[in-house]
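Student: Below: one structure in structure tokens.
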Amino acid sequence: MYHSGSRELQDAFGSAALADRLAEKLDHNRFTESDKAFIESSKFFFIATASAEGAPDCSFKAGPAGFVRIVSPDILVFPDYDGNGMFRSLGNIRINPNVGMLFIAFDAMPKRLRVNGKASVSLDDPLLATFVGAQALVRVTPEHIFPNCPRYIPDLSAGRESAYIPASDTPPLEPAWKSFSDFNDVVPPRRPVRK
């Protein structure tokens with residue numbers, strides 16, 4: 001879950017114990033019914049891919065609710081629709097299967113779910129015919145599925161910023177999860193920040 005770069009910063013901020021607890025309690029590699037419901041209700045997501053040399057690329061994918069499907073606890077599929085013909089994401093997947101997907105709900109009940117895993121692209125997958133307008137199908141086998149704290153996500157439907165965004169002369173608002181018994185004993189003190 002973490003590499004030396006993550007660990008170096010966790011040590012600097014005193015958050016290694018919290019990071020380990022979050023991984024222990026939240027990280028999983030099979031989709032739950034809750035994951036499935038959230039992902040299949042999503043009308044968009046962001047996907048990060050990388051070239052063989054590791055050059056990153058990030059893309060936005062969208063479609064009707066249900067365009068991303070969990071077909072089994074260890075397989076997520078989504079269609080590729082006609083685009084600009086650059087095939088940056090799918091081209092990267094062909095040579096480097098590592099992907100990171102981010103699903104977000106920008107509303108009054110914000111939510112964020114990450115799916116990191118290995119992907120493959122097919123032009124003749126049997127499921128392709130079940131997606132209107134699809135020209136290719138991407139299958140993702142998850143390695144890490146985990147929620148992230150949604151505190152900085154704005155409520156776009158109401159046009160409101162997150163109440164957690166730092167503001168001058170206002171004490172920071174702490175998210176409720178930091179007081180949960182699963183985590184409160186490993187939450188480090190806030191590091192002083194410039195005002």
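Naming works like this for the structure tokens: A, B, ... for the chains as they're shown, residue 1 at the start of each chain, ligands 1 onward in shown order.
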What are the closest atom pairs, with distances in Å to one decimal, for each residue of segment 76-145 of chain A lying within 12 Å of segment 159-177 of chain A, using only C-alpha atoms, rows by chain and rising residue number, as JSON lines?

Tutor:
{"residue": "A:Phe106", "atom": "CA", "partner": "A:Gly159", "partner_atom": "CA", "distance": 10.0}
{"residue": "A:Asp107", "atom": "CA", "partner": "A:Arg160", "partner_atom": "CA", "distance": 9.1}
{"residue": "A:Ala108", "atom": "CA", "partner": "A:Arg160", "partner_atom": "CA", "distance": 9.1}
{"residue": "A:Met109", "atom": "CA", "partner": "A:Ser162", "partner_atom": "CA", "distance": 11.0}
{"residue": "A:Pro110", "atom": "CA", "partner": "A:Ser162", "partner_atom": "CA", "distance": 9.5}

Student: Using only C-alpha atoms, which residues sit within 10 Å of segment 129-144 of chain A once same-chain residues fewer than 4 positions away are excluded, as a PyMOL selection string?

Tutor: chain A and resi 1+23+26-31+66-83+90+93+97-101+114-125

Student: Limited to N, CA and C atoms, could you put the picked residues into a file as a short mmCIF file (atom, residue, chain, number, x, y, z; two decimals), in the first residue's frame?

Tutor:
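Written file, out05.cif:
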data_model
loop_
_atom_site.label_atom_id
_atom_site.label_comp_id
_atom_site.auth_asym_id
_atom_site.auth_seq_id
_atom_site.Cartn_x
_atom_site.Cartn_y
_atom_site.Cartn_z
N MET A 1 0.82 -1.20 0.00
CA MET A 1 0.00 0.00 0.00
C MET A 1 0.87 1.27 0.00
N ALA A 23 -5.17 1.57 6.25
CA ALA A 23 -5.01 0.44 5.32
C ALA A 23 -5.60 -0.84 5.92
N LEU A 26 -9.63 -0.26 6.05
CA LEU A 26 -10.41 0.16 4.88
C LEU A 26 -10.01 -0.47 3.56
N ASP A 27 -8.74 -0.83 3.42
CA ASP A 27 -8.26 -1.36 2.14
C ASP A 27 -8.75 -2.79 1.93
N HIS A 28 -9.27 -3.05 0.73
CA HIS A 28 -9.71 -4.41 0.38
C HIS A 28 -9.49 -4.62 -1.12
N ASN A 29 -9.55 -5.86 -1.58
CA ASN A 29 -9.28 -6.13 -3.00
C ASN A 29 -10.45 -6.84 -3.69
N ARG A 30 -11.59 -6.86 -3.05
CA ARG A 30 -12.82 -7.40 -3.64
C ARG A 30 -13.91 -6.36 -3.43
N PHE A 31 -14.73 -6.16 -4.45
CA PHE A 31 -15.80 -5.17 -4.36
C PHE A 31 -16.89 -5.65 -3.40
N GLY A 66 -24.50 3.35 -14.38
CA GLY A 66 -24.42 1.95 -14.78
C GLY A 66 -23.44 1.69 -15.90
N PHE A 67 -22.81 2.74 -16.44
CA PHE A 67 -21.84 2.50 -17.52
C PHE A 67 -20.57 1.83 -16.98
N VAL A 68 -20.32 1.94 -15.69
CA VAL A 68 -19.27 1.17 -15.05
C VAL A 68 -19.99 0.06 -14.29
N ARG A 69 -19.56 -1.17 -14.51
CA ARG A 69 -20.23 -2.31 -13.88
C ARG A 69 -19.24 -3.16 -13.10
N ILE A 70 -19.73 -3.66 -11.99
CA ILE A 70 -18.99 -4.65 -11.22
C ILE A 70 -19.59 -5.99 -11.63
N VAL A 71 -18.89 -6.76 -12.44
CA VAL A 71 -19.45 -8.02 -12.96
C VAL A 71 -19.14 -9.21 -12.06
N SER A 72 -18.21 -9.03 -11.14
CA SER A 72 -17.92 -10.04 -10.12
C SER A 72 -17.15 -9.32 -9.02
N PRO A 73 -16.98 -9.91 -7.87
CA PRO A 73 -16.27 -9.22 -6.79
C PRO A 73 -14.84 -8.80 -7.14
N ASP A 74 -14.28 -9.41 -8.21
CA ASP A 74 -12.91 -9.05 -8.58
C ASP A 74 -12.77 -8.52 -10.01
N ILE A 75 -13.88 -8.06 -10.60
CA ILE A 75 -13.78 -7.50 -11.96
C ILE A 75 -14.73 -6.30 -12.10
N LEU A 76 -14.16 -5.19 -12.54
CA LEU A 76 -14.89 -3.99 -12.91
C LEU A 76 -14.72 -3.82 -14.41
N VAL A 77 -15.79 -3.42 -15.11
CA VAL A 77 -15.68 -3.16 -16.55
C VAL A 77 -16.28 -1.80 -16.87
N PHE A 78 -15.71 -1.17 -17.89
CA PHE A 78 -16.31 0.07 -18.41
C PHE A 78 -16.03 0.16 -19.90
N PRO A 79 -16.94 0.83 -20.63
CA PRO A 79 -16.77 0.95 -22.07
C PRO A 79 -15.90 2.15 -22.43
N ASP A 80 -15.29 2.06 -23.58
CA ASP A 80 -14.63 3.22 -24.17
C ASP A 80 -15.52 3.69 -25.31
N TYR A 81 -15.87 4.98 -25.27
CA TYR A 81 -16.69 5.58 -26.33
C TYR A 81 -15.79 6.33 -27.30
N ASP A 82 -16.35 6.65 -28.47
CA ASP A 82 -15.62 7.44 -29.46
C ASP A 82 -15.10 8.72 -28.82
N GLY A 83 -13.85 9.04 -29.08
CA GLY A 83 -13.26 10.25 -28.51
C GLY A 83 -12.41 10.97 -29.54
N LEU A 90 -6.14 4.24 -22.95
CA LEU A 90 -6.16 2.86 -23.41
C LEU A 90 -4.82 2.43 -23.97
N ILE A 93 -2.68 1.62 -21.04
CA ILE A 93 -3.08 0.33 -20.46
C ILE A 93 -2.50 -0.83 -21.26
N PRO A 97 -0.33 -2.01 -17.44
CA PRO A 97 -1.69 -2.27 -16.98
C PRO A 97 -2.08 -1.60 -15.67
N ASN A 98 -1.15 -0.92 -15.00
CA ASN A 98 -1.47 -0.29 -13.72
C ASN A 98 -2.36 0.92 -13.90
N VAL A 99 -3.50 0.93 -13.17
CA VAL A 99 -4.44 2.05 -13.24
C VAL A 99 -4.85 2.46 -11.84
N GLY A 100 -5.25 3.72 -11.74
CA GLY A 100 -5.87 4.25 -10.53
C GLY A 100 -7.17 4.92 -10.95
N MET A 101 -8.27 4.54 -10.31
CA MET A 101 -9.57 5.11 -10.65
C MET A 101 -10.11 5.84 -9.42
N ARG A 114 -11.49 5.00 -4.19
CA ARG A 114 -10.38 4.72 -5.10
C ARG A 114 -10.36 3.24 -5.44
N VAL A 115 -10.02 2.96 -6.69
CA VAL A 115 -9.82 1.58 -7.14
C VAL A 115 -8.49 1.57 -7.89
N ASN A 116 -7.52 0.87 -7.34
CA ASN A 116 -6.22 0.72 -8.00
C ASN A 116 -6.06 -0.74 -8.37
N GLY A 117 -5.59 -0.99 -9.60
CA GLY A 117 -5.44 -2.37 -10.02
C GLY A 117 -4.79 -2.51 -11.37
N LYS A 118 -5.05 -3.64 -11.98
CA LYS A 118 -4.50 -3.95 -13.31
C LYS A 118 -5.65 -3.98 -14.31
N ALA A 119 -5.42 -3.36 -15.46
CA ALA A 119 -6.46 -3.26 -16.49
C ALA A 119 -6.01 -3.91 -17.79
N SER A 120 -7.00 -4.26 -18.59
CA SER A 120 -6.75 -4.75 -19.94
C SER A 120 -7.81 -4.16 -20.85
N VAL A 121 -7.46 -4.03 -22.13
CA VAL A 121 -8.36 -3.46 -23.13
C VAL A 121 -8.70 -4.54 -24.14
N SER A 122 -10.00 -4.64 -24.47
CA SER A 122 -10.44 -5.61 -25.47
C SER A 122 -11.31 -4.93 -26.51
N LEU A 123 -11.11 -5.31 -27.78
CA LEU A 123 -11.95 -4.81 -28.87
C LEU A 123 -13.02 -5.80 -29.24
N ASP A 124 -13.00 -6.98 -28.61
CA ASP A 124 -13.99 -8.01 -28.95
C ASP A 124 -14.51 -8.76 -27.72
N ASP A 125 -14.51 -8.11 -26.57
CA ASP A 125 -15.01 -8.72 -25.34
C ASP A 125 -16.48 -9.07 -25.51
#

Student: If you run DSSP on this backbone, which residues of chain A come out as helix (DSSP H, G or I), and could you give them as a PyMOL selection string?

Tutor: chain A and resi 4-13+16-26+33-41+88-95+126-130+176-179

Student: Residues at most 12 Å from segment 16-19 of chain A, counting only C-alpha atoms, excluding those fewer than 3 positions away in the same chain, as a PyMOL selection string?

Tutor: chain A and resi 1-13+22-27+148+177-178+182-189

Student: Name the residues of chain A that fall into strand (DSSP E or B) according to DSSP on the backbone, using the chain letters and numbers of this document, as a ChimeraX atom specification.

Tutor: /A:28,44-50,56-62,69-72,75-81,98-105,111-122,134-147,155,160

Student: Export C-alpha atoms of the chosen residues as a PDB file, in the first residue's frame?

Tutor:
ATOM      1  CA  HIS A  28      -9.711  -4.406   0.377  1.00  0.00           C
ATOM      2  CA  PHE A  44     -18.266   9.688 -14.261  1.00  0.00           C
ATOM      3  CA  PHE A  45     -14.860   8.852 -12.846  1.00  0.00           C
ATOM      4  CA  PHE A  46     -11.225   9.844 -13.263  1.00  0.00           C
ATOM      5  CA  ILE A  47      -8.596   7.335 -14.372  1.00  0.00           C
ATOM      6  CA  ALA A  48      -4.827   7.613 -14.029  1.00  0.00           C
ATOM      7  CA  THR A  49      -2.576   5.584 -16.308  1.00  0.00           C
ATOM      8  CA  ALA A  50       1.119   5.680 -17.132  1.00  0.00           C
ATOM      9  CA  PRO A  56       1.502   9.819 -15.991  1.00  0.00           C
ATOM     10  CA  ASP A  57      -1.778  10.674 -17.661  1.00  0.00           C
ATOM     11  CA  CYS A  58      -5.167  11.368 -16.123  1.00  0.00           C
ATOM     12  CA  SER A  59      -8.490  11.240 -17.928  1.00  0.00           C
ATOM     13  CA  PHE A  60     -12.169  11.855 -17.252  1.00  0.00           C
ATOM     14  CA  LYS A  61     -14.633   9.156 -18.303  1.00  0.00           C
ATOM     15  CA  ALA A  62     -18.412   9.602 -18.284  1.00  0.00           C
ATOM     16  CA  ARG A  69     -20.226  -2.313 -13.885  1.00  0.00           C
ATOM     17  CA  ILE A  70     -18.989  -4.651 -11.223  1.00  0.00           C
ATOM     18  CA  VAL A  71     -19.450  -8.018 -12.958  1.00  0.00           C
ATOM     19  CA  SER A  72     -17.919 -10.039 -10.121  1.00  0.00           C
ATOM     20  CA  ILE A  75     -13.784  -7.500 -11.959  1.00  0.00           C
ATOM     21  CA  LEU A  76     -14.892  -3.985 -12.906  1.00  0.00           C
ATOM     22  CA  VAL A  77     -15.683  -3.158 -16.549  1.00  0.00           C
ATOM     23  CA  PHE A  78     -16.314   0.067 -18.406  1.00  0.00           C
ATOM     24  CA  PRO A  79     -16.769   0.955 -22.068  1.00  0.00           C
ATOM     25  CA  ASP A  80     -14.632   3.223 -24.168  1.00  0.00           C
ATOM     26  CA  TYR A  81     -16.690   5.575 -26.325  1.00  0.00           C
ATOM     27  CA  ASN A  98      -1.467  -0.295 -13.718  1.00  0.00           C
ATOM     28  CA  VAL A  99      -4.436   2.048 -13.243  1.00  0.00           C
ATOM     29  CA  GLY A 100      -5.873   4.246 -10.525  1.00  0.00           C
ATOM     30  CA  MET A 101      -9.574   5.111 -10.646  1.00  0.00           C
ATOM     31  CA  LEU A 102     -11.306   7.761  -8.570  1.00  0.00           C
ATOM     32  CA  PHE A 103     -15.087   7.897  -8.115  1.00  0.00           C
ATOM     33  CA  ILE A 104     -16.507  11.035  -6.446  1.00  0.00           C
ATOM     34  CA  ALA A 105     -19.968  12.239  -5.398  1.00  0.00           C
ATOM     35  CA  LYS A 111     -18.108  10.389  -1.098  1.00  0.00           C
ATOM     36  CA  ARG A 112     -14.850   9.274  -2.656  1.00  0.00           C
ATOM     37  CA  LEU A 113     -13.700   5.765  -3.571  1.00  0.00           C
ATOM     38  CA  ARG A 114     -10.384   4.721  -5.102  1.00  0.00           C
ATOM     39  CA  VAL A 115      -9.825   1.583  -7.144  1.00  0.00           C
ATOM     40  CA  ASN A 116      -6.220   0.721  -7.997  1.00  0.00           C
ATOM     41  CA  GLY A 117      -5.437  -2.371 -10.018  1.00  0.00           C
ATOM     42  CA  LYS A 118      -4.504  -3.954 -13.308  1.00  0.00           C
ATOM     43  CA  ALA A 119      -6.458  -3.255 -16.489  1.00  0.00           C
ATOM     44  CA  SER A 120      -6.755  -4.749 -19.944  1.00  0.00           C
ATOM     45  CA  VAL A 121      -8.363  -3.457 -23.134  1.00  0.00           C
ATOM     46  CA  SER A 122     -10.436  -5.609 -25.474  1.00  0.00           C
ATOM     47  CA  ALA A 134     -18.936   1.259 -27.002  1.00  0.00           C
ATOM     48  CA  GLN A 135     -15.912   0.707 -29.231  1.00  0.00           C
ATOM     49  CA  ALA A 136     -13.756  -1.105 -26.658  1.00  0.00           C
ATOM     50  CA  LEU A 137     -14.100  -2.545 -23.194  1.00  0.00           C
ATOM     51  CA  VAL A 138     -11.735  -2.145 -20.257  1.00  0.00           C
ATOM     52  CA  ARG A 139     -11.590  -4.789 -17.524  1.00  0.00           C
ATOM     53  CA  VAL A 140      -9.994  -3.908 -14.191  1.00  0.00           C
ATOM     54  CA  THR A 141      -8.893  -6.405 -11.548  1.00  0.00           C
ATOM     55  CA  PRO A 142      -8.637  -4.501  -8.261  1.00  0.00           C
ATOM     56  CA  GLU A 143      -5.629  -4.707  -5.986  1.00  0.00           C
ATOM     57  CA  HIS A 144      -6.627  -1.909  -3.595  1.00  0.00           C
ATOM     58  CA  ILE A 145     -10.152  -0.555  -3.087  1.00  0.00           C
ATOM     59  CA  PHE A 146     -10.488   2.074  -0.406  1.00  0.00           C
ATOM     60  CA  PRO A 147     -12.543   5.123   0.500  1.00  0.00           C
ATOM     61  CA  ASP A 155     -21.351  20.345  -2.827  1.00  0.00           C
ATOM     62  CA  ARG A 160     -21.086  25.342  -1.658  1.00  0.00           C
TER      63      ARG A 160
END

Student: With distances taken over only C-alpha atoms, which of A:Ser181, A:Asn96, A:Ala37, A:Gly14 is nearest to Glu53 of chain A?

Tutor: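 Checking each of A:Ser181, A:Asn96, A:Ala37, A:Gly14 against Glu53 of chain A, counting only C-alpha atoms, the winner is A:Asn96.
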